[in-house]
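To be precise, the following lines are input36.txt, and they hold compact mmCIF, C-alpha atoms.
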# COMPACT_ATOMS: atom_id res chain seq x y z
CA MET T 85 -52.70 -88.69 119.96
CA SER T 86 -49.51 -88.89 117.89
CA THR T 87 -48.83 -86.66 114.93
CA THR T 88 -47.17 -87.67 111.69
CA THR T 89 -45.03 -85.34 109.65
CA LEU T 90 -45.70 -85.70 105.97
CA VAL T 91 -42.60 -85.57 103.81
CA PRO T 92 -43.01 -85.29 100.03
CA GLU T 93 -41.88 -88.43 98.30
CA HIS T 94 -39.84 -88.55 95.13
CA ASN T 95 -42.38 -90.17 92.84
CA PRO T 96 -40.52 -91.99 90.06
CA GLU T 97 -43.28 -91.51 87.52
CA PRO T 98 -46.24 -89.17 87.09
CA ALA T 99 -49.13 -90.20 89.31
CA ASP T 100 -51.80 -88.25 87.43
CA GLY T 101 -51.33 -89.84 84.04
CA GLY T 102 -49.10 -87.08 82.76
CA THR T 103 -46.93 -87.90 79.80
CA LEU T 104 -43.31 -87.14 79.06
CA LEU T 105 -44.34 -84.97 76.11
CA ALA T 106 -46.83 -82.89 78.07
CA ASP T 107 -44.52 -82.52 81.05
CA GLY T 108 -41.58 -81.72 78.80
CA LEU T 109 -43.56 -79.01 77.01
CA ALA T 110 -44.54 -77.53 80.37
CA MET T 111 -40.89 -77.41 81.44
CA THR T 112 -39.89 -75.92 78.09
CA GLY T 113 -42.45 -73.17 78.60
CA ARG T 114 -41.12 -72.54 82.08
CA HIS T 115 -37.58 -71.99 80.78
CA LEU T 116 -38.76 -69.74 77.96
CA GLN T 117 -40.67 -67.64 80.49
CA LYS T 118 -37.48 -67.33 82.56
CA ILE T 119 -35.66 -66.03 79.50
CA ARG T 120 -38.44 -63.57 78.79
CA ALA T 121 -38.34 -62.28 82.36
CA ALA T 122 -34.54 -61.93 82.41
CA PRO T 123 -33.26 -61.67 78.81
CA GLY T 124 -29.81 -60.35 79.75
CA VAL T 125 -28.04 -63.71 79.72
CA LEU T 126 -29.65 -64.66 76.41
CA ILE T 127 -28.65 -61.36 74.82
CA LEU T 128 -25.07 -61.78 76.06
CA THR T 129 -24.72 -65.34 74.78
CA GLN T 130 -26.28 -64.48 71.41
CA THR T 131 -24.24 -61.33 70.80
CA MET T 132 -20.89 -62.82 71.84
CA PRO T 133 -20.42 -64.80 68.57
CA ILE T 134 -21.22 -61.66 66.57
CA THR T 135 -18.63 -59.73 68.57
CA MET T 136 -16.09 -62.47 67.94
CA LEU T 137 -16.91 -62.47 64.22
CA LEU T 138 -16.25 -58.74 63.99
CA PHE T 139 -13.12 -59.00 66.16
CA PHE T 140 -11.52 -62.03 64.52
CA GLY T 141 -12.77 -61.20 61.04
CA TYR T 142 -11.61 -57.61 60.90
CA VAL T 143 -8.85 -57.27 63.51
CA PHE T 144 -7.04 -60.58 62.98
CA GLY T 145 -8.43 -61.40 59.56
CA SER T 146 -5.74 -59.55 57.65
CA ALA T 147 -3.01 -61.47 59.50
CA LEU T 148 -4.57 -64.92 59.09
CA ALA T 149 -4.33 -66.66 55.75
CA VAL T 150 -6.41 -69.63 54.64
CA PRO T 151 -5.17 -71.14 51.36
CA GLY T 152 -7.65 -70.56 48.54
CA GLN T 153 -10.21 -68.86 50.77
CA GLU T 154 -11.02 -65.49 52.33
CA TYR T 155 -10.67 -65.75 56.11
CA ARG T 156 -14.16 -64.53 57.02
CA ALA T 157 -15.67 -67.21 54.76
CA PHE T 158 -13.65 -69.74 56.77
CA LEU T 159 -14.48 -68.14 60.13
CA VAL T 160 -18.29 -67.89 59.99
CA PRO T 161 -19.00 -71.66 59.81
CA GLY T 162 -16.49 -72.16 62.62
CA LEU T 163 -18.27 -69.61 64.78
CA LEU T 164 -21.58 -71.30 64.07
CA ALA T 165 -20.02 -74.58 65.24
CA ALA T 166 -18.58 -72.94 68.37
CA THR T 167 -22.00 -71.47 69.14
CA ALA T 168 -23.57 -74.92 68.88
CA ALA T 169 -20.95 -76.30 71.27
CA ASN T 170 -21.88 -73.65 73.85
CA GLY T 171 -24.76 -75.91 74.86
CA LEU T 172 -22.23 -77.47 77.22
CA MET T 173 -21.87 -74.20 79.14
CA THR T 174 -25.49 -73.06 79.11
CA GLY T 175 -26.89 -76.50 80.00
CA MET T 176 -24.49 -76.68 82.93
CA PHE T 177 -25.53 -73.25 84.19
CA LEU T 178 -29.26 -73.97 83.89
CA ALA T 179 -29.03 -77.16 85.95
CA ALA T 180 -26.69 -75.75 88.58
CA GLN T 181 -28.83 -72.63 89.00
CA ASP T 182 -32.00 -74.64 89.66
CA CYS T 183 -30.13 -76.95 92.04
CA ASP T 184 -28.59 -74.06 93.94
CA ARG T 185 -31.95 -72.33 94.37
CA GLY T 186 -33.79 -75.46 95.50
CA VAL T 187 -35.99 -75.62 92.41
CA MET T 188 -34.92 -79.18 91.57
CA ASP T 189 -36.05 -80.47 94.96
CA ARG T 190 -39.49 -78.96 94.44
CA PHE T 191 -39.74 -80.44 90.97
CA ARG T 192 -39.01 -83.92 92.35
CA THR T 193 -42.07 -83.74 94.58
CA LEU T 194 -44.35 -83.20 91.57
CA PRO T 195 -46.11 -86.11 89.82
CA MET T 196 -44.36 -85.84 86.48
CA SER T 197 -41.92 -87.77 84.37
CA ARG T 198 -38.35 -87.70 85.62
CA ALA T 199 -37.06 -87.01 82.09
CA ALA T 200 -39.33 -83.98 81.65
CA VAL T 201 -37.19 -81.50 83.59
CA PRO T 202 -33.91 -82.01 81.67
CA LEU T 203 -35.85 -82.46 78.43
CA GLY T 204 -37.60 -79.13 78.92
CA ALA T 205 -34.29 -77.36 79.60
CA THR T 206 -32.52 -78.85 76.60
CA ALA T 207 -35.52 -78.25 74.32
CA SER T 208 -35.64 -74.58 75.34
CA GLU T 209 -31.91 -74.40 74.60
CA LEU T 210 -32.60 -75.79 71.15
CA LEU T 211 -35.29 -73.20 70.44
CA THR T 212 -33.25 -70.22 71.64
CA THR T 213 -30.25 -71.42 69.63
CA ALA T 214 -32.36 -71.72 66.48
CA VAL T 215 -33.43 -68.09 66.93
CA GLY T 216 -29.90 -66.98 67.83
CA LEU T 217 -28.35 -68.47 64.70
CA VAL T 218 -30.35 -66.04 62.56
CA PRO T 219 -28.56 -62.78 63.50
CA LEU T 220 -25.14 -64.47 63.41
CA THR T 221 -25.90 -65.80 59.93
CA LEU T 222 -27.08 -62.39 58.73
CA VAL T 223 -24.02 -60.61 60.11
CA GLY T 224 -21.83 -63.26 58.49
CA LEU T 225 -23.49 -62.64 55.14
CA ALA T 226 -23.00 -58.90 55.58
CA ALA T 227 -19.31 -59.53 56.35
CA GLY T 228 -18.80 -61.30 53.04
CA TRP T 229 -19.52 -64.95 53.82
CA ARG T 230 -21.72 -66.75 51.30
CA ILE T 231 -23.72 -69.98 51.28
CA GLU T 232 -22.57 -71.73 48.10
CA GLY T 233 -23.69 -75.30 48.58
CA GLY T 234 -27.39 -75.06 47.76
CA ALA T 235 -30.51 -74.74 49.90
CA ALA T 236 -30.83 -78.43 50.83
CA ALA T 237 -27.20 -78.68 51.95
CA ALA T 238 -27.52 -75.44 53.92
CA LEU T 239 -30.58 -76.77 55.74
CA GLY T 240 -28.59 -79.90 56.52
CA ALA T 241 -25.81 -77.74 57.98
CA PHE T 242 -28.24 -75.88 60.24
CA GLY T 243 -29.79 -79.20 61.22
CA LEU T 244 -26.38 -80.53 62.29
CA LEU T 245 -25.73 -77.37 64.29
CA LEU T 246 -28.99 -77.75 66.21
CA LEU T 247 -28.49 -81.48 66.75
CA PHE T 248 -25.04 -80.85 68.19
CA ARG T 249 -26.39 -78.07 70.42
CA PHE T 250 -29.07 -80.44 71.73
CA ALA T 251 -26.49 -83.15 72.44
CA THR T 252 -24.04 -80.84 74.21
CA SER T 253 -26.90 -79.35 76.27
CA TRP T 254 -27.58 -82.80 77.75
CA ALA T 255 -23.88 -83.20 78.61
CA GLY T 256 -23.84 -79.75 80.19
CA TYR T 257 -27.03 -80.41 82.15
CA TRP T 258 -25.51 -83.55 83.65
CA LEU T 259 -22.42 -81.58 84.68
CA GLY T 260 -24.64 -78.92 86.24
CA LEU T 261 -26.42 -81.60 88.29
CA LEU T 262 -23.00 -82.74 89.50
CA ILE T 263 -21.78 -79.25 90.39
CA ARG T 264 -25.07 -78.06 91.96
CA ASN T 265 -23.72 -74.54 92.53
CA GLU T 266 -24.50 -71.55 90.34
CA GLU T 267 -21.23 -69.70 90.92
CA ALA T 268 -19.07 -72.80 90.46
CA ALA T 269 -20.91 -73.66 87.25
CA GLY T 270 -20.19 -70.20 85.91
CA GLN T 271 -16.49 -70.64 86.63
CA VAL T 272 -16.33 -74.10 85.08
CA GLY T 273 -18.43 -72.95 82.14
CA SER T 274 -16.05 -70.11 81.36
CA ALA T 275 -13.26 -72.67 81.06
CA THR T 276 -15.11 -74.35 78.19
CA PHE T 277 -14.19 -71.31 76.08
CA VAL T 278 -10.89 -73.04 75.34
CA LEU T 279 -12.56 -75.98 73.54
CA PRO T 280 -13.21 -74.13 70.23
CA LEU T 281 -9.64 -72.79 70.38
CA LEU T 282 -8.40 -76.40 70.31
CA SER T 283 -10.29 -77.11 67.11
CA SER T 284 -10.51 -75.98 63.50
CA ALA T 285 -13.27 -73.47 64.31
CA TYR T 286 -11.00 -70.43 64.01
CA ILE T 287 -7.84 -71.61 62.25
CA PRO T 288 -6.92 -74.56 60.01
CA THR T 289 -5.27 -77.49 61.74
CA ASP T 290 -2.66 -78.24 59.07
CA GLY T 291 -0.26 -75.63 60.49
CA MET T 292 -0.40 -77.02 64.03
CA PRO T 293 2.28 -79.25 65.59
CA GLY T 294 1.57 -82.94 65.05
CA TRP T 295 0.29 -83.78 68.53
CA LEU T 296 -1.85 -80.64 68.72
CA ARG T 297 -3.27 -81.27 65.25
CA ALA T 298 -4.34 -84.76 66.33
CA VAL T 299 -6.08 -83.33 69.41
CA ALA T 300 -7.80 -80.64 67.36
CA GLU T 301 -8.98 -82.99 64.62
CA TRP T 302 -10.52 -85.40 67.13
CA ASN T 303 -12.26 -82.50 68.85
CA PRO T 304 -16.00 -82.84 68.03
CA ILE T 305 -16.15 -79.10 67.28
CA SER T 306 -13.66 -79.63 64.43
CA ALA T 307 -15.92 -82.24 62.85
CA LEU T 308 -18.90 -79.89 63.11
CA ALA T 309 -16.95 -76.93 61.73
CA ALA T 310 -15.70 -79.01 58.79
CA ALA T 311 -19.21 -80.37 58.16
CA THR T 312 -20.75 -76.89 58.06
CA ARG T 313 -18.03 -75.62 55.71
CA ASP T 314 -18.60 -78.61 53.45
CA LEU T 315 -22.40 -78.31 53.41
CA PHE T 316 -22.33 -74.53 52.98
CA GLY T 317 -19.96 -75.06 50.04
CA ASN T 318 -17.15 -73.03 51.60
CA ALA T 319 -14.41 -75.67 51.84
CA ALA T 320 -13.99 -79.38 51.24
CA PRO T 321 -12.88 -81.64 54.12
CA VAL T 322 -9.14 -82.19 54.53
CA ALA T 323 -8.46 -85.66 53.14
CA ASP T 324 -5.50 -86.50 55.38
CA ALA T 325 -7.17 -85.34 58.61
CA ALA T 326 -8.33 -87.67 61.38
CA TRP T 327 -11.47 -89.64 60.51
CA PRO T 328 -14.07 -87.32 62.15
CA SER T 329 -12.63 -84.29 60.34
CA ALA T 330 -12.03 -86.09 57.04
CA HIS T 331 -15.64 -87.38 57.06
CA PRO T 332 -17.21 -84.49 58.98
CA VAL T 333 -20.92 -85.09 58.44
CA ALA T 334 -20.67 -88.72 59.54
CA GLY T 335 -18.24 -87.68 62.28
CA THR T 336 -20.62 -85.05 63.65
CA LEU T 337 -23.56 -87.46 63.61
CA ALA T 338 -21.42 -90.03 65.42
CA TRP T 339 -20.29 -87.55 68.08
CA ALA T 340 -23.87 -86.34 68.63
CA ALA T 341 -25.14 -89.90 68.92
CA VAL T 342 -22.45 -90.78 71.47
CA LEU T 343 -23.24 -87.71 73.56
CA LEU T 344 -26.97 -88.44 73.56
CA VAL T 345 -26.61 -92.17 74.25
CA VAL T 346 -24.26 -91.50 77.16
CA PHE T 347 -25.66 -88.36 78.75
CA VAL T 348 -29.44 -88.68 78.36
CA PRO T 349 -29.70 -91.70 80.70
CA LEU T 350 -26.97 -90.34 82.99
CA THR T 351 -28.79 -87.02 83.30
CA VAL T 352 -32.20 -88.57 83.97
CA ARG T 353 -30.71 -90.93 86.53
CA ARG T 354 -28.80 -88.12 88.25
CA TYR T 355 -31.89 -85.92 88.39
CA ALA T 356 -34.14 -88.72 89.65
CA GLY T 357 -31.65 -89.61 92.35
CA GLY T 358 -31.56 -86.10 93.74
CA GLY T 359 -27.84 -85.74 93.14
CA ARG T 360 -27.04 -89.22 94.49
CA GLY T 361 -27.23 -91.22 91.27

Using structure tokens, write down the structure from this file.
Amino acid sequence: MSTTTLVPEHNPEPADGGTLLADGLAMTGRHLQKIRAAPGVLILTQTMPITMLLFFGYVFGSALAVPGQEYRAFLVPGLLAATAANGLMTGMFLAAQDCDRGVMDRFRTLPMSRAAVPLGATASELLTTAVGLVPLTLVGLAAGWRIEGGAAAALGAFGLLLLFRFATSWAGYWLGLLIRNEEAAGQVGSATFVLPLLSSAYIPTDGMPGWLRAVAEWNPISALAAATRDLFGNAAPVADAAWPSAHPVAGTLAWAAVLLVVFVPLTVRRYAGGGRG
């Protein structure tokens, strides 16, 4: 009598009638439970912007001048934008960690939607970011920053921040599926720290050399920073800046749409292919 070894197949779609929504919620819950069990990384990522606010705002703030504006009022929206862009780093780390530990391979043997795993990770990122923006906002208010653009505009600013975080999380998750190594993802993720420095998040771009100003103003983080400053009523967009920074709300929406249109299908395909797609 011959024996047959059963190997789990990669089912492309749920076999038990599961839906993307239900599977995505289950994966979101799984990531939130991971955070609850090991909150150290969350605490570090949420307190870092507050540390930078205190450092930049009080150590360098006296040496940095923003025409017609107190520096901390300029800095806080930029830090909020930089925090939203950190979805690139955290999404990358989440995916690479699960790949490195073999979790992804086990997920692929389950009868659930292929989009549910990355959707759950990015949705959990969105929820933790929404919670994390609260202490940063409160510390910013205590440091002298004020929301001057009205409640509706402020809600729009926070909505843009969360949309951008969601979009960058998808891009980061795809990169994590490419890297597939937890340590390497941490090293690559730390390099993303330079992206806000090449934007208007911390300093105005009008004092930069011409070529560097062009790079900074086309940086999506600059559009988001300018949009939050505009909606919070802290500063109007610079009229002679590059289009995304001169029209920051539209520019941020455009950047977010491009990221989602490109990286959502790429991420799902990469996950479904087991690192081969």

Show me, as a list in words, the residues that have an atom within 7 Å of segment 343-352 of chain T when counting all atoms listed in the file, minus same-chain residues fewer than 6 positions from it.
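Once the nearby chain positions are removed, what remains is Arg198, Ala199, Ala251, Thr252, Trp254, Ala255, Tyr257 and Trp258 of chain T.
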
Any idea what's packed within 7 Å of Tyr286 of chain T, counting all atoms listed in the file, ignoring anything in its chain fewer than 2 positions away? Could you give it as a list of chain:residue names?
T:Leu159, T:Gly162, T:Leu281, T:Ser284

So which residues touch Met188 of chain T within 10 Å, counting only C-alpha atoms, skipping near sequence neighbours fewer than 6 positions away, as a PDB file with C-alpha atoms, keeping the file's coordinate frame?
ATOM      1  CA  ALA T 179     -29.030 -77.160  85.950  1.00  0.00           C
ATOM      2  CA  ALA T 180     -26.690 -75.750  88.580  1.00  0.00           C
ATOM      3  CA  GLN T 181     -28.830 -72.630  89.000  1.00  0.00           C
ATOM      4  CA  ASP T 182     -32.000 -74.640  89.660  1.00  0.00           C
ATOM      5  CA  VAL T 201     -37.190 -81.500  83.590  1.00  0.00           C
ATOM      6  CA  LEU T 261     -26.420 -81.600  88.290  1.00  0.00           C
ATOM      7  CA  ARG T 264     -25.070 -78.060  91.960  1.00  0.00           C
ATOM      8  CA  TYR T 355     -31.890 -85.920  88.390  1.00  0.00           C
ATOM      9  CA  ALA T 356     -34.140 -88.720  89.650  1.00  0.00           C
ATOM     10  CA  GLY T 358     -31.560 -86.100  93.740  1.00  0.00           C
ATOM     11  CA  GLY T 359     -27.840 -85.740  93.140  1.00  0.00           C
TER      12      GLY T 359
END

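With atom CA of Leu128 of chain T on one side and atom CA of Gly240 of chain T on the other, the separation reads 26.9 Å.
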
Near Leu246 of chain T, within 10 Å and counting all atoms listed in the file, which residues show up once chain neighbours fewer than 4 positions away are dropped, as a list in words?
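Skipping anything fewer than 4 positions along the chain leaves Ala165, Thr167, Ala168, Ala169, Gly171, Glu209, Leu210, Leu211, Thr213, Ala214, Leu217, Gly240, Ala241, Phe242, Phe250, Ala251 and Thr252 of chain T.
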
Coordinates-based distance that separates atom CA of Ala309 of chain T from atom CA of Ala334 of chain T (Å, one decimal)
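These atoms are spaced 12.6 Å apart.
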
When distances are computed from only C-alpha atoms, which of T:Val150, T:Val342, T:Leu138, T:Ala298 shows the smallest separation from Trp327 of chain T?
T:Ala298

Would you mind listing what lies within 9 Å of Val160 of chain T as a PDB file with C-alpha atoms, in the coordinates of the input, with all atoms listed in the file counted and same-chain residues fewer than 2 positions away left out?
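The result, stored in result-v3.pdb:
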ATOM      1  CA  LEU T 137     -16.910 -62.470  64.220  1.00  0.00           C
ATOM      2  CA  GLY T 141     -12.770 -61.200  61.040  1.00  0.00           C
ATOM      3  CA  TYR T 155     -10.670 -65.750  56.110  1.00  0.00           C
ATOM      4  CA  ARG T 156     -14.160 -64.530  57.020  1.00  0.00           C
ATOM      5  CA  ALA T 157     -15.670 -67.210  54.760  1.00  0.00           C
ATOM      6  CA  PHE T 158     -13.650 -69.740  56.770  1.00  0.00           C
ATOM      7  CA  GLY T 162     -16.490 -72.160  62.620  1.00  0.00           C
ATOM      8  CA  LEU T 163     -18.270 -69.610  64.780  1.00  0.00           C
ATOM      9  CA  LEU T 164     -21.580 -71.300  64.070  1.00  0.00           C
ATOM     10  CA  ALA T 165     -20.020 -74.580  65.240  1.00  0.00           C
ATOM     11  CA  LEU T 220     -25.140 -64.470  63.410  1.00  0.00           C
ATOM     12  CA  THR T 221     -25.900 -65.800  59.930  1.00  0.00           C
ATOM     13  CA  GLY T 224     -21.830 -63.260  58.490  1.00  0.00           C
ATOM     14  CA  LEU T 225     -23.490 -62.640  55.140  1.00  0.00           C
ATOM     15  CA  TRP T 229     -19.520 -64.950  53.820  1.00  0.00           C
ATOM     16  CA  ALA T 285     -13.270 -73.470  64.310  1.00  0.00           C
ATOM     17  CA  TYR T 286     -11.000 -70.430  64.010  1.00  0.00           C
ATOM     18  CA  ARG T 313     -18.030 -75.620  55.710  1.00  0.00           C
TER      19      ARG T 313
END

Produce the centre coordinates and the three edge lengths, each in Å to one decimal, of the box along x, y and z that contains all listed atoms of segment 335-349 of chain T with 6 Å added on each side, as lines of an AutoDock Vina configuration file.
center_x = -24.0
center_y = -88.6
center_z = 71.5
size_x = 23.5
size_y = 19.1
size_z = 30.4

Could you tell me which of T:Ala269, T:Leu105, T:Cys183, T:Val223 comes closest to Met136 of chain T if we count only C-alpha atoms?
T:Val223
